[in-house]
Amino acid sequence: MFHIEDKVRHIVCPYCGCLCDDILVELTDGRISGVENACTLGAHKFLDDADNRLKGPIMRKGDQWVDISYEEAIAYAVQTLSEADRPLLYGWSGCVTETQAIGAHLAELIGGVVDSTTSVCHGPSILAIQEVGHPGCTLGQVKNRADTIIYWGSNPIEAHPRHLSRYTNYADAYFLHNAFRERKVIVFDVRKTATSEIASEFVQLEQGGDYHVLSALRAIVRGREDVVPDMVAGVPKSQLIRVAEMCKKAKFGALFFGVGVTMTGGKYKNIRNAIEFVDELNRHTKWTISPMRGHSNVYGSNEVFTWITGYPYAVDYARGIAFYNPGETTAVDILARKEADAALIMASDPGAHFPRTCCEHLAKIPTILFDPYPSATTHLCTVQIPCAVNGIDAAGTAYRMDGIPIRTRKFLETGYPTDTSLMHEIYEQIRERKEHV
Amino acid sequence: MKIRINSGRTVIQGSHVDQKNSPEYFRETSTIRLNPVDMMEIGIDDGERIKARTDNLSIVLRALSDDSIKRGTGFLPLGPYANFLVGGNTHSTGMPDFKEADADIEATVDTITTVGELMQQLGGVPYRR
């Protein structure tokens, strides 16, 4: 039997916020047969893709699922969203920025709320940045200059597996002679993780103790260790003094924080404290701080929504103008209050990642899901529309976790419509419908 | 016994996010890591099941002993099982208490619901194709 084999280089992995752009994909007879350079998470994304796709749109009728055409699915979405009083347009982190832009415009057109998965990952980080600013930098700066790295409430070996090899501990650096020997990695976490195993210093704190430990470190760096008690949230003062010294001795330090800090205790106040700790360190040496963004293009949603609406997420157009009040206009709050009367879920899975009360409400209202694969939300939605996957059979722009826009590549032709074309069609049909009313 | 449940990414959970209805995802996200001494106190061995109860709701999970877990805490990979125990209050921040679910746990012989069955309990209709 004759096989057509091909290798495609410089593919961008659409899994996490690292957006690794050096992936090599092997194709055999138009199917992905091998992946090089990707981590386990990325390799699964590519290798398992073909077998997982939903074949075509499906609709829930009573307690049955029936196949429908794309035209029927679009017509349903147009009617549902046009007639809704309080539509929620949620997700947007797995799709390209071009689709996100249509989502923001659609929210304005129908007086809905547009929110991205930011609100349940680094939303608190954005609130903190809005309070005290963001002393950040690109990952290229970290790779080439940083000699001290902190991972706080983040386990990159399991969540961003190539972060360490591309940008921190295992990466070569232009300005360090022997980067691997010279770099120190400090891990703050409530539990031992794969990342804490490779750390030069592991600080294990009590769950919810981040704010206390950050405050203690700020006091020590400021020269006020006399006010710090002997133990702070399970961490001995002597260790905090040692870590503060390591941080002050760094020539270039980079603090990366994960959702271990955004989801617990004081939420955005934790991040504010972390930024102010970095601010304090900058009186002594150079330090930066950056969030470990999870989804491939979740950062893009913040950029796009900010250009178009003025706000990075949780934007409510019910008043005809953009209104932003996280805690009120965020997806979880709107669903928990049982306010939304229709939902469009784009490229995300609230069924797996939202509190149960929100899932219960999604199951009650018309919910239109755009996802290439059957997910947990599939069981809750009314209609699911499969679309092409960004970075496999669709191309567009995605923002890396440090705010660098990267063009993803399409290397397969599958016949699935892109989410951009589907959203464009829905937007145009609703606009025409509104003009005729 | 009262424990505080933390959640987060694991490689197996993360590798199967596009296969939420697969046996691998089901097994990983419904397995809670507990301190071995806590497991001894409630009288269960590795692979046996517990019922975690919060706000008059309960969910059955598989228990796995892990001595890196502190007593009185548990680690459940993120997913529908972990979030079943999370309430909708965000304290006006938009962010629920994902990593701080307090639950009562006890030994059980009940079976673990699949992702589809769990969504059915929340009002959905399982899609099984």
# chains A, B, ... in the order shown; residues from 1 in each chain; ligands from 1

call {"tool": "closest_atom_pairs", "arguments": {"of": "chain A", "to": "chain B", "cutoff": "7 Å", "atoms": "only C-alpha atoms", "output": "CSV"}}
result
residue,atom,partner,partner_atom,distance
A:Thr40,CA,B:Ser15,CA,6.7
A:Leu41,CA,B:Ser15,CA,4.7
A:His44,CA,B:Ser15,CA,5.7
A:Asn52,CA,B:Gln19,CA,6.7
A:Asp63,CA,B:Val125,CA,5.9
A:Trp65,CA,B:Tyr127,CA,6.9
A:Ser119,CA,B:Gly94,CA,5.8
A:Val120,CA,B:Met95,CA,5.3
A:Glu158,CA,B:Val11,CA,5.1
A:Ala159,CA,B:Arg9,CA,5.9
A:Arg191,CA,B:Ile69,CA,6.4
A:Lys192,CA,B:Ser68,CA,5.9
A:Met263,CA,B:Asp97,CA,6.1
A:Thr264,CA,B:Lys99,CA,6.3
A:Pro326,CA,B:Gly94,CA,5.4
A:Gly327,CA,B:Ser92,CA,3.8
A:Glu328,CA,B:Ser92,CA,6.6
A:Thr330,CA,B:Gly94,CA,5.2
A:Val332,CA,B:Gly94,CA,6.4
A:Asp333,CA,B:Gly94,CA,6.3
A:Ala336,CA,B:Gly88,CA,5.5
A:Gly351,CA,B:Pro80,CA,6.7
A:Ala352,CA,B:Pro80,CA,4.2
A:His353,CA,B:Gly79,CA,5.7
A:Phe354,CA,B:Asn83,CA,6.2
A:Pro355,CA,B:Asn83,CA,5.0
A:Arg356,CA,B:Phe84,CA,5.0
A:Thr357,CA,B:Gly88,CA,6.1
A:Cys358,CA,B:Gly88,CA,6.9
A:Cys359,CA,B:Leu122,CA,6.5
A:Glu360,CA,B:Leu122,CA,4.9
A:Ala363,CA,B:Gly124,CA,5.3
A:Tyr373,CA,B:Asp18,CA,6.2
A:Ser375,CA,B:Lys20,CA,5.2
A:Ala376,CA,B:Lys20,CA,6.1
A:Thr378,CA,B:Tyr127,CA,7.0
A:His379,CA,B:Pro126,CA,4.9
A:Leu380,CA,B:Gly124,CA,4.3

call {"tool": "select_by_dssp", "arguments": {"residues": "region 31-82 of chain B", "states": "alpha helix (DSSP H)", "output": "list in words"}}
result
Pro36, Val37, Asp38, Met39, Met40, Glu41, Ile42, Pro80, Tyr81 and Ala82 of chain B

call {"tool": "atom_distance", "arguments": {"atom1": "CA of Glu197 (chain A)", "atom2": "CA of Val232 (chain A)"}}
result
22.2 Å

call {"tool": "residues_around", "arguments": {"residues": "Arg319 (chain A)", "least_positions_apart": "6", "cutoff": "10 Å", "atoms": "only C-alpha atoms", "output": "list of chain:residue names"}}
result
A:Glu108, A:Gly111, A:Gly112

call {"tool": "write_last_selection", "arguments": {"atoms": "N, CA and C atoms", "output": "PDB file, in the first residue's frame"}}
result
ATOM      1  N   GLU A 108     -22.065  43.566  21.861  1.00  0.00           N
ATOM      2  CA  GLU A 108     -22.603  44.933  21.727  1.00  0.00           C
ATOM      3  C   GLU A 108     -23.903  44.911  20.915  1.00  0.00           C
ATOM      4  N   GLY A 111     -26.655  43.265  23.126  1.00  0.00           N
ATOM      5  CA  GLY A 111     -26.767  43.730  24.516  1.00  0.00           C
ATOM      6  C   GLY A 111     -26.444  42.637  25.517  1.00  0.00           C
ATOM      7  N   GLY A 112     -25.442  41.827  25.188  1.00  0.00           N
ATOM      8  CA  GLY A 112     -25.097  40.700  26.049  1.00  0.00           C
ATOM      9  C   GLY A 112     -23.851  40.949  26.883  1.00  0.00           C
TER      10      GLY A 112
END

call {"tool": "select_by_dssp", "arguments": {"residues": "region 95-217 of chain A", "states": "strand (DSSP E)", "output": "PDB file with C-alpha atoms, in the first residue's frame"}}
result
ATOM      1  CA  VAL A 113     -22.211  39.929  28.370  1.00  0.00           C
ATOM      2  CA  VAL A 114     -18.887  38.793  26.920  1.00  0.00           C
ATOM      3  CA  ASP A 115     -16.516  37.091  29.344  1.00  0.00           C
ATOM      4  CA  SER A 116     -13.520  34.839  28.812  1.00  0.00           C
ATOM      5  CA  THR A 148      16.733  33.524  39.853  1.00  0.00           C
ATOM      6  CA  ILE A 149      13.287  32.169  39.088  1.00  0.00           C
ATOM      7  CA  ILE A 150      10.317  31.866  41.442  1.00  0.00           C
ATOM      8  CA  TYR A 151       7.336  29.652  40.651  1.00  0.00           C
ATOM      9  CA  TRP A 152       4.575  30.502  43.133  1.00  0.00           C
ATOM     10  CA  LYS A 184      18.288  29.156  40.989  1.00  0.00           C
ATOM     11  CA  VAL A 185      14.676  28.045  41.066  1.00  0.00           C
ATOM     12  CA  ILE A 186      12.572  28.775  44.161  1.00  0.00           C
ATOM     13  CA  VAL A 187       9.174  27.080  44.423  1.00  0.00           C
ATOM     14  CA  PHE A 188       6.375  28.236  46.746  1.00  0.00           C
ATOM     15  CA  ASP A 189       3.530  25.745  46.989  1.00  0.00           C
ATOM     16  CA  GLU A 201      14.654  26.005  47.523  1.00  0.00           C
ATOM     17  CA  PHE A 202      11.149  24.718  48.208  1.00  0.00           C
ATOM     18  CA  VAL A 203       8.942  26.779  50.503  1.00  0.00           C
ATOM     19  CA  GLN A 204       5.894  24.787  51.587  1.00  0.00           C
TER      20      GLN A 204
END

call {"tool": "atom_distance", "arguments": {"atom1": "CA of Leu281 (chain A)", "atom2": "CA of Val142 (chain A)"}}
result
16.3 Å
